[in-house]
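Visitor: Provided below: input_18.cif, containing mmCIF, C-alpha atoms and all ligand atoms.
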data_upload
#
loop_
_atom_site.label_atom_id
_atom_site.label_comp_id
_atom_site.auth_asym_id
_atom_site.auth_seq_id
_atom_site.Cartn_x
_atom_site.Cartn_y
_atom_site.Cartn_z
CA MET A 1 89.60 -60.04 -25.62
CA LYS A 2 87.49 -61.57 -22.88
CA ASP A 3 84.42 -59.34 -22.60
CA PHE A 4 82.27 -59.24 -25.73
CA THR A 5 79.38 -57.25 -24.28
CA GLY A 6 78.30 -54.39 -26.55
CA LYS A 7 81.17 -54.96 -29.01
CA VAL A 8 80.40 -54.44 -32.70
CA ALA A 9 81.31 -57.53 -34.74
CA PHE A 10 81.57 -57.30 -38.55
CA ILE A 11 81.37 -60.76 -40.15
CA THR A 12 82.03 -61.30 -43.86
CA GLY A 13 80.30 -64.39 -45.18
CA GLY A 14 78.23 -64.09 -42.00
CA ALA A 15 75.02 -65.31 -43.58
CA SER A 16 76.03 -68.96 -43.98
CA GLY A 17 78.18 -71.77 -42.59
CA ALA A 18 81.13 -70.76 -40.41
CA GLY A 19 80.20 -67.05 -40.52
CA LEU A 20 76.61 -67.67 -39.43
CA GLY A 21 77.96 -69.83 -36.59
CA GLN A 22 80.11 -66.85 -35.53
CA ALA A 23 77.09 -64.51 -35.70
CA LYS A 24 75.16 -66.88 -33.40
CA VAL A 25 77.95 -67.45 -30.87
CA PHE A 26 79.21 -63.87 -30.65
CA GLY A 27 75.64 -62.51 -30.69
CA GLU A 28 74.89 -64.77 -27.74
CA ALA A 29 78.05 -63.42 -26.05
CA GLY A 30 76.64 -59.87 -26.22
CA CYS A 31 77.97 -58.48 -29.51
CA LYS A 32 76.10 -56.27 -31.94
CA ILE A 33 76.36 -58.18 -35.19
CA VAL A 34 76.91 -56.95 -38.74
CA ILE A 35 76.46 -59.69 -41.33
CA ALA A 36 78.02 -58.86 -44.69
CA ASP A 37 77.46 -61.33 -47.51
CA VAL A 38 77.21 -61.41 -51.29
CA ARG A 39 74.18 -63.78 -51.35
CA GLN A 40 70.86 -62.05 -50.73
CA ASP A 41 69.07 -65.37 -50.07
CA HIS A 42 71.61 -66.22 -47.35
CA LEU A 43 71.17 -62.72 -45.86
CA ASP A 44 67.38 -63.18 -45.81
CA GLU A 45 67.69 -66.55 -44.09
CA ALA A 46 70.08 -65.14 -41.48
CA LYS A 47 67.78 -62.17 -40.86
CA ALA A 48 64.84 -64.56 -40.38
CA TYR A 49 66.89 -66.62 -37.90
CA PHE A 50 67.68 -63.59 -35.72
CA LYS A 51 64.17 -62.10 -35.96
CA ASP A 52 63.03 -63.38 -32.56
CA LYS A 53 66.44 -63.30 -30.88
CA LYS A 54 67.54 -60.49 -28.60
CA VAL A 55 70.66 -59.80 -30.68
CA PRO A 56 71.06 -56.49 -32.54
CA VAL A 57 71.77 -57.60 -36.12
CA HIS A 58 72.35 -55.47 -39.20
CA THR A 59 72.80 -57.06 -42.64
CA ILE A 60 74.68 -55.61 -45.62
CA LYS A 61 74.85 -57.04 -49.13
CA LEU A 62 78.56 -56.81 -49.91
CA ASP A 63 81.00 -58.35 -52.36
CA ILE A 64 84.27 -58.20 -50.41
CA THR A 65 86.28 -57.93 -53.63
CA ASP A 66 84.66 -54.53 -54.30
CA ARG A 67 86.79 -52.00 -52.39
CA LYS A 68 84.43 -49.05 -52.90
CA ALA A 69 81.46 -51.06 -51.64
CA TYR A 70 83.60 -52.26 -48.72
CA ALA A 71 84.34 -48.65 -47.66
CA ALA A 72 80.63 -47.81 -47.97
CA ALA A 73 79.80 -50.83 -45.75
CA ALA A 74 82.29 -49.58 -43.14
CA ASP A 75 80.62 -46.13 -43.18
CA GLU A 76 77.23 -47.83 -42.81
CA VAL A 77 78.40 -49.74 -39.71
CA GLU A 78 79.55 -46.50 -38.05
CA LYS A 79 76.20 -44.89 -38.85
CA VAL A 80 74.14 -47.83 -37.56
CA PHE A 81 76.15 -48.78 -34.46
CA GLY A 82 78.01 -45.49 -33.78
CA SER A 83 81.53 -46.90 -34.07
CA PRO A 84 83.79 -49.02 -36.25
CA PRO A 85 83.77 -52.68 -35.24
CA GLN A 86 85.92 -53.89 -32.36
CA LEU A 87 85.70 -57.36 -33.87
CA LEU A 88 86.38 -58.10 -37.53
CA PHE A 89 85.75 -61.60 -38.82
CA ASN A 90 87.16 -62.16 -42.31
CA THR A 91 85.20 -65.33 -42.95
CA ALA A 92 83.81 -65.22 -46.51
CA GLY A 93 85.56 -67.63 -48.83
CA VAL A 94 85.04 -69.73 -51.95
CA ASN A 95 86.63 -72.85 -53.38
CA THR A 96 86.74 -74.90 -56.55
CA PHE A 97 88.69 -78.03 -57.37
CA GLY A 98 90.62 -79.24 -60.38
CA PRO A 99 94.11 -80.15 -61.57
CA ALA A 100 96.61 -77.33 -60.98
CA GLU A 101 97.87 -77.75 -64.56
CA ALA A 102 94.38 -77.05 -65.97
CA SER A 103 93.84 -73.86 -63.91
CA THR A 104 92.93 -70.72 -65.81
CA PHE A 105 93.74 -67.13 -64.90
CA GLU A 106 90.08 -66.78 -63.99
CA ASP A 107 90.27 -69.72 -61.53
CA TYR A 108 93.09 -67.86 -59.78
CA ASP A 109 91.50 -64.42 -60.04
CA TRP A 110 88.22 -65.59 -58.53
CA VAL A 111 89.50 -67.78 -55.66
CA ILE A 112 92.48 -65.60 -54.75
CA GLY A 113 90.35 -62.47 -55.26
CA VAL A 114 87.85 -63.58 -52.60
CA CYS A 115 89.97 -65.67 -50.23
CA LEU A 116 93.04 -63.41 -50.14
CA GLY A 117 91.96 -60.15 -51.84
CA GLY A 118 88.77 -59.99 -49.75
CA VAL A 119 90.79 -60.41 -46.54
CA ILE A 120 93.24 -57.70 -47.63
CA ASN A 121 90.29 -55.41 -48.37
CA GLY A 122 88.93 -56.09 -44.90
CA MET A 123 92.26 -55.25 -43.27
CA VAL A 124 92.95 -52.09 -45.29
CA THR A 125 89.38 -50.85 -44.80
CA PHE A 126 89.01 -51.55 -41.08
CA VAL A 127 92.45 -51.58 -39.41
CA PRO A 128 93.00 -47.78 -39.62
CA ARG A 129 89.40 -47.18 -38.46
CA MET A 130 89.87 -49.57 -35.52
CA ILE A 131 93.18 -47.96 -34.51
CA LYS A 132 91.77 -44.42 -34.74
CA ALA A 133 88.74 -45.43 -32.63
CA GLY A 134 91.27 -46.38 -29.91
CA LYS A 135 89.12 -49.14 -28.42
CA GLY A 136 91.39 -52.09 -29.23
CA GLY A 137 89.70 -55.19 -30.56
CA HIS A 138 90.31 -58.47 -32.31
CA ILE A 139 90.51 -59.61 -35.92
CA ALA A 140 89.85 -63.26 -36.74
CA THR A 141 90.33 -64.58 -40.25
CA THR A 142 89.06 -67.97 -41.31
CA SER A 143 91.83 -69.64 -43.26
CA SER A 144 92.00 -73.40 -43.72
CA MET A 145 94.10 -76.44 -43.00
CA GLY A 146 94.70 -76.21 -46.77
CA GLY A 147 96.91 -73.18 -46.05
CA PHE A 148 99.54 -75.47 -44.54
CA MET A 149 99.96 -77.61 -47.66
CA GLY A 150 99.77 -77.54 -51.41
CA GLY A 151 97.49 -79.96 -53.23
CA ALA A 152 97.42 -81.20 -56.84
CA THR A 153 93.75 -80.21 -57.20
CA THR A 154 93.53 -77.23 -54.82
CA ALA A 155 96.19 -74.82 -56.13
CA PRO A 156 94.34 -71.44 -56.08
CA TYR A 157 92.64 -72.16 -52.73
CA SER A 158 95.73 -73.52 -50.99
CA ALA A 159 97.86 -70.62 -52.27
CA ALA A 160 95.30 -68.05 -51.05
CA LYS A 161 94.98 -69.66 -47.62
CA ALA A 162 98.77 -70.03 -47.19
CA ALA A 163 99.09 -66.31 -47.93
CA VAL A 164 96.31 -65.54 -45.44
CA ASN A 165 98.14 -67.45 -42.68
CA ASN A 166 101.29 -65.49 -43.38
CA LEU A 167 99.40 -62.18 -43.59
CA MET A 168 97.72 -62.75 -40.24
CA GLU A 169 101.08 -63.42 -38.60
CA SER A 170 102.32 -60.06 -39.91
CA TYR A 171 99.26 -58.25 -38.57
CA TYR A 172 99.46 -60.19 -35.28
CA GLN A 173 102.85 -58.59 -34.67
CA ALA A 174 101.93 -55.18 -36.11
CA LEU A 175 98.68 -54.66 -34.19
CA LYS A 176 99.82 -55.76 -30.72
CA PRO A 177 100.88 -52.22 -29.73
CA TYR A 178 97.34 -51.01 -30.49
CA GLY A 179 95.64 -53.61 -28.31
CA ILE A 180 94.20 -55.36 -31.35
CA GLY A 181 94.59 -59.13 -31.33
CA VAL A 182 94.76 -61.21 -34.50
CA SER A 183 93.82 -64.85 -34.99
CA CYS A 184 93.83 -67.20 -37.92
CA LEU A 185 91.33 -70.06 -37.74
CA CYS A 186 92.45 -73.11 -39.72
CA PRO A 187 89.65 -75.69 -39.90
CA GLY A 188 89.55 -78.96 -41.82
CA ASN A 189 85.99 -79.68 -42.93
CA ILE A 190 82.98 -77.49 -42.00
CA LYS A 191 79.30 -78.35 -42.32
CA SER A 192 78.45 -75.46 -44.62
CA ASN A 193 77.15 -74.41 -48.01
CA ILE A 194 80.59 -73.94 -49.57
CA ALA A 195 79.76 -76.63 -52.17
CA GLU A 196 77.58 -73.90 -53.72
CA ALA A 197 80.40 -71.33 -53.86
CA VAL A 198 80.47 -71.57 -57.67
CA TYR A 199 76.99 -70.02 -57.76
CA THR A 200 78.60 -66.73 -56.63
CA ARG A 201 81.33 -66.84 -59.27
CA PRO A 202 81.18 -63.59 -61.28
CA LYS A 203 80.31 -63.82 -64.99
CA ASN A 204 83.54 -62.12 -66.08
CA LEU A 205 85.55 -64.84 -64.27
CA GLU A 206 83.49 -67.85 -65.33
CA ASN A 207 86.13 -69.39 -67.60
CA THR A 208 87.33 -72.39 -65.56
CA GLY A 209 89.75 -75.18 -66.42
CA TYR A 210 87.92 -77.55 -64.06
CA ASN A 211 85.00 -79.91 -64.47
CA VAL A 212 82.28 -78.24 -62.37
CA THR A 213 78.77 -79.62 -62.76
CA GLU A 214 75.66 -80.10 -60.62
CA LYS A 215 76.99 -83.64 -60.00
CA THR A 216 80.33 -82.41 -58.64
CA ILE A 217 78.50 -79.80 -56.54
CA ASP A 218 76.26 -82.53 -55.10
CA PHE A 219 79.32 -84.66 -54.42
CA LEU A 220 80.92 -81.78 -52.48
CA ARG A 221 77.70 -81.34 -50.49
CA THR A 222 78.08 -84.92 -49.21
CA ILE A 223 81.65 -84.16 -48.11
CA HIS A 224 80.76 -80.96 -46.25
CA ALA A 225 77.71 -82.56 -44.63
CA GLN A 226 80.29 -84.46 -42.54
CA GLY A 227 82.15 -81.37 -41.32
CA ILE A 228 82.23 -79.69 -37.92
CA GLU A 229 79.08 -77.81 -36.87
CA PRO A 230 79.62 -74.04 -37.40
CA VAL A 231 78.47 -73.18 -33.87
CA GLU A 232 80.97 -75.66 -32.39
CA LEU A 233 83.69 -74.14 -34.55
CA ALA A 234 82.74 -70.60 -33.48
CA LYS A 235 82.96 -71.65 -29.82
CA ILE A 236 86.51 -72.90 -30.43
CA LEU A 237 87.27 -69.60 -32.16
CA LYS A 238 85.87 -67.63 -29.20
CA LYS A 239 88.12 -69.51 -26.78
CA GLY A 240 91.11 -68.78 -29.04
CA ILE A 241 90.23 -65.08 -29.13
CA GLU A 242 89.86 -65.01 -25.34
CA GLU A 243 93.34 -66.54 -25.04
CA ASP A 244 94.72 -64.26 -27.80
CA VAL A 245 96.05 -67.22 -29.80
CA LEU A 246 97.31 -66.57 -33.35
CA TYR A 247 96.75 -69.96 -34.98
CA ILE A 248 93.52 -71.59 -33.88
CA ILE A 249 93.54 -75.16 -35.13
CA PRO A 250 90.33 -77.04 -34.38
CA VAL A 251 91.65 -80.60 -34.40
CA PRO A 252 92.14 -82.90 -31.40
CA ASN A 253 95.96 -82.65 -31.53
CA PRO A 254 96.98 -79.35 -33.19
CA GLU A 255 100.60 -79.68 -32.10
CA GLN A 256 101.01 -83.03 -33.86
CA MET A 257 99.30 -81.66 -36.97
CA LEU A 258 101.75 -78.74 -37.09
CA ARG A 259 104.75 -81.03 -36.49
CA ASN A 260 103.58 -83.20 -39.43
CA THR A 261 103.35 -80.06 -41.56
CA LEU A 262 106.88 -79.03 -40.70
CA GLU A 263 108.15 -82.58 -41.21
CA ARG A 264 106.59 -82.57 -44.69
CA ILE A 265 108.49 -79.40 -45.60
CA VAL A 266 111.73 -80.84 -44.20
CA ASN A 267 111.12 -84.03 -46.21
CA TYR A 268 110.56 -82.09 -49.42
CA ALA A 269 113.97 -80.45 -48.95
CA SER A 270 116.06 -83.57 -49.75
CA ALA A 271 115.98 -86.49 -52.18
CA GLU A 272 115.90 -88.97 -49.26
CA GLY A 273 113.11 -87.02 -47.60
CA ILE A 274 111.02 -86.98 -50.77
CA LYS A 275 111.12 -90.79 -50.93
CA LYS A 276 110.03 -90.93 -47.29
CA GLN A 277 107.26 -88.40 -47.89
CA GLU A 278 105.88 -90.21 -50.93
CA GLU A 279 105.88 -93.50 -49.05
CA GLN A 280 104.04 -91.85 -46.13
CA MET A 281 101.46 -90.31 -48.46
CA ARG A 282 100.90 -93.56 -50.31
CA LYS A 283 100.25 -95.33 -46.99
CA MET A 284 97.97 -92.53 -45.81
CA PHE A 285 95.85 -92.68 -48.96
CA GLU A 286 95.72 -96.48 -48.83
CA GLU A 287 94.49 -96.33 -45.24
CA MET A 288 91.93 -93.65 -46.12
CA ALA A 289 90.64 -95.75 -49.00
CA LYS A 290 90.34 -98.74 -46.66
CA ARG A 291 88.52 -96.69 -44.00
CA GLN A 292 86.07 -95.26 -46.49
CA GLY A 293 85.48 -98.62 -48.13
CA PRO A 294 82.99 -99.13 -50.92
CA ALA A 295 80.13 -96.71 -51.64
CA PRO A 296 78.67 -94.67 -49.99
CA GLY A 297 82.03 -93.64 -48.43
CA PRO A 298 82.64 -89.96 -49.12
CA TYR A 299 85.27 -90.41 -51.83
CA ALA A 300 83.87 -93.59 -53.31
CA ASN A 301 82.09 -91.99 -56.27
CA MET A 302 84.53 -89.12 -56.76
CA GLY A 303 85.79 -90.51 -60.08
CA ASP A 304 82.28 -91.32 -61.32
CA VAL A 305 81.03 -87.76 -60.88
CA GLY A 306 84.21 -86.28 -62.35
CA PHE A 307 85.06 -84.32 -59.21
CA ALA A 308 88.37 -82.39 -59.25
CA GLN A 309 88.98 -83.32 -62.92
CA ALA A 310 89.85 -81.04 -65.80
CA ARG A 311 87.16 -79.51 -68.01
CA LYS A 312 86.04 -82.20 -70.47
CA ASP A 313 87.57 -80.52 -73.54
CA ILE A 314 91.01 -80.24 -71.89
CA THR A 315 92.30 -83.59 -73.11
CA TRP A 316 96.02 -83.25 -72.32
CA VAL A 317 95.50 -83.50 -68.52
CA LYS A 318 95.91 -86.92 -66.86
CA PRO A 319 92.90 -87.92 -64.74
CA THR A 320 93.51 -87.49 -61.01
CA GLY A 321 92.59 -90.03 -58.34
CA MET A 322 92.17 -88.94 -54.74
CA PRO A 323 92.94 -85.21 -54.57
CA GLY A 324 96.66 -84.86 -53.95
CA ALA A 325 97.34 -88.61 -54.00
CA PRO A 326 100.66 -89.66 -55.54
CA PRO A 327 100.51 -92.26 -58.33
CA PRO A 328 100.32 -95.87 -57.04
CA LYS A 329 103.67 -97.59 -56.47
CA LYS A 330 104.77 -99.64 -59.48
P1 LIG B 1 79.60 -71.01 -46.90
O1 LIG B 1 79.49 -70.99 -48.36
O2 LIG B 1 78.57 -71.74 -46.12
O3 LIG B 1 79.70 -69.53 -46.34
C1 LIG B 1 80.48 -68.55 -46.98
C2 LIG B 1 79.65 -67.31 -47.23
O4 LIG B 1 80.52 -66.36 -47.87
C3 LIG B 1 78.45 -67.53 -48.15
O5 LIG B 1 77.25 -67.04 -47.57
C4 LIG B 1 78.79 -66.74 -49.41
O6 LIG B 1 77.67 -66.15 -50.02
C5 LIG B 1 79.76 -65.69 -48.87
N1 LIG B 1 80.63 -65.14 -49.91
C6 LIG B 1 81.23 -65.79 -50.94
N2 LIG B 1 81.89 -64.92 -51.71
C7 LIG B 1 81.71 -63.69 -51.17
C8 LIG B 1 82.12 -62.40 -51.52
N3 LIG B 1 82.86 -62.17 -52.63
N4 LIG B 1 81.75 -61.37 -50.74
C9 LIG B 1 80.97 -61.57 -49.65
N5 LIG B 1 80.53 -62.76 -49.27
C10 LIG B 1 80.90 -63.83 -50.01
O7 LIG B 1 81.06 -71.61 -46.60
P2 LIG B 1 81.92 -71.85 -45.28
O8 LIG B 1 82.46 -73.19 -45.40
O9 LIG B 1 81.18 -71.46 -44.08
O10 LIG B 1 83.12 -70.84 -45.54
C11 LIG B 1 83.60 -69.92 -44.58
C12 LIG B 1 85.10 -69.90 -44.59
O11 LIG B 1 85.60 -71.14 -44.11
C13 LIG B 1 85.73 -69.70 -45.97
O12 LIG B 1 86.78 -68.77 -45.86
C14 LIG B 1 86.27 -71.07 -46.31
O13 LIG B 1 87.36 -71.01 -47.18
C15 LIG B 1 86.67 -71.55 -44.93
N6 LIG B 1 86.83 -72.99 -44.80
C16 LIG B 1 85.80 -73.84 -45.15
C17 LIG B 1 85.94 -75.18 -44.98
C18 LIG B 1 84.84 -76.13 -45.27
O14 LIG B 1 85.04 -77.33 -45.19
N7 LIG B 1 83.64 -75.68 -45.60
C19 LIG B 1 87.19 -75.76 -44.46
C20 LIG B 1 88.21 -74.79 -44.12
C21 LIG B 1 88.00 -73.46 -44.29
#
Show this structure as structure tokens.
Guide:
Amino acid sequence: MKDFTGKVAFITGGASGAGLGQAKVFGEAGCKIVIADVRQDHLDEAKAYFKDKKVPVHTIKLDITDRKAYAAAADEVEKVFGSPPQLLFNTAGVNTFGPAEASTFEDYDWVIGVCLGGVINGMVTFVPRMIKAGKGGHIATTSSMGGFMGGATTAPYSAAKAAVNNLMESYYQALKPYGIGVSCLCPGNIKSNIAEAVYTRPKNLENTGYNVTEKTIDFLRTIHAQGIEPVELAKILKKGIEEDVLYIIPVPNPEQMLRNTLERIVNYASAEGIKKQEEQMRKMFEEMAKRQGPAPGPYANMGDVGFAQARKDITWVKPTGMPGAPPPKK
């Protein structure tokens, strides 16, 4: 898609971070914007931002895990803008960190429910409507670099994002005949409010195996403060949509990053390779530690605040160092 003028864009998680960046960039490009988000305060802030802008913006309070509410939101879009969206941005997502072995069912149900289930709900709700409208379009899902690798303290998130990558590739092939493009954006770190994701965690899923406190939330804030600006990221996404690229990887050398990913999988497929991989990871973490140096480097106080550790009463879990770091060489 190259011309965005007058297109209806539905953005989940559009009231904050990456989604708000998309609302700004695609609004500027001529789209009518629907911002769907579970946080009313974020919706209010986004509404206030667009108040004086010449962009038609409609906001909907929506929990993307609620299929009935999702269908009602889709009906509302057709009523307000006269057509289903030509652009669907599956951007809403949540994360939480802790040792895989301490994860509860609720950790999985929440993170996978939003990050994968919410995307599935978006596709099942909107794809038939978009096809029937016959106007073509584009679907862009925000995944993560985490989708290309597992991590000792990111199991639910990495699993959800890996599945999202795979799902988008299936839809990329399936929707081509309908003139609907599909992209999967895989960023590293974004300057966003995702550190606060736990505030949206539903009561019935609050049982976590991880140590999540105001201190760990504050720690995460310092990490995400160093991420890419959402508007910059949305501009990269727009270019990818214009070029109809499936995997949009906003790093300086995406090809090298993907080759490293494949090499990692090849390494994990043999005993020799595993030795090589562990050596490479050990070096990488050593270099990172050197680069970040003493406080206030981003990971310096990770252990002190108890970030990515098990819940305090789970005593059988070994403390983790850097997320995903192998144990030091003896
Ligand atoms: P953010 O927290 O600033 O924005 C996400 C928005 O989604 C929030 O406004 C939140 O209220 C909303 N949301 C959460 N659960 C929802 C639900 N069930 N239904 C509807 N809305 C919901 O975070 P950010 O970073 O902008 O996240 C956007 C996407 O980017 C997510 O999919 C995330 O996984 C992905 N991502 C984030 C990275 C980062 O470093 N922040 C890195 C890579 C990917």
Visitor: Could you pull out the residues sitting within 7 Å of ligand LIG 1 (chain B), using all atoms listed in the file, and write them as a PyMOL selection string?
Guide: chain A and resi 12-19+36-39+42+62-65+91-95+114-115+118+142-145+186-197+200+224+227
Visitor: I'd like to know which of A:Ala72, A:Val77, A:Ala160, A:Ala152 is closest to Gly113 (chain A), using only C-alpha atoms.
Guide: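 Ranked by minimum distance to Gly113 (chain A), first place goes to A:Ala160.
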Visitor: Pick the closest to Pro85 (chain A) from A:Ile120, A:Gly146, A:Lys47, A:Ile11: which is it, counting all atoms listed in the file?
Guide: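 Among A:Ile120, A:Gly146, A:Lys47, A:Ile11, it is A:Ile11 that comes nearest to Pro85 (chain A).
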Visitor: Determine the nearest neighbour of Thr104 (chain A) from the options A:Phe285, A:Asn90, A:Ile249, A:Glu206, counting all atoms listed in the file.
Guide: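 Going through A:Phe285, A:Asn90, A:Ile249, A:Glu206 one by one, the smallest distance to Thr104 (chain A) is for A:Glu206.
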Visitor: Can you list, as an mmCIF file with C-alpha atoms, keeping the file's coordinate frame, every protein, DNA or RNA residue that comes within 9 Å of Glu243 (chain A) when you count only C-alpha atoms, leaving out same-chain residues fewer than 5 positions away?
Guide:
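Writing done, so here's selection39.cif:
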data_model
loop_
_atom_site.group_PDB
_atom_site.id
_atom_site.type_symbol
_atom_site.label_atom_id
_atom_site.label_comp_id
_atom_site.auth_asym_id
_atom_site.auth_seq_id
_atom_site.Cartn_x
_atom_site.Cartn_y
_atom_site.Cartn_z
ATOM 1 C CA MET A 1 89.600 -60.040 -25.620
ATOM 2 C CA LYS A 2 87.490 -61.570 -22.880
ATOM 3 C CA LYS A 238 85.870 -67.630 -29.200
#
Visitor: Let me make sure I understand: among A:Val317, A:Leu220, A:Leu87, A:Met257, which one has the smallest atom-to-atom distance to Phe126 (chain A) if we use only C-alpha atoms?
Guide: A:Leu87
Visitor: Ranking A:Thr96, A:Ser170, A:Asn267, A:Gln86 by minimum distance to Thr154 (chain A) and counting only C-alpha atoms, which one comes first?
Guide: A:Thr96
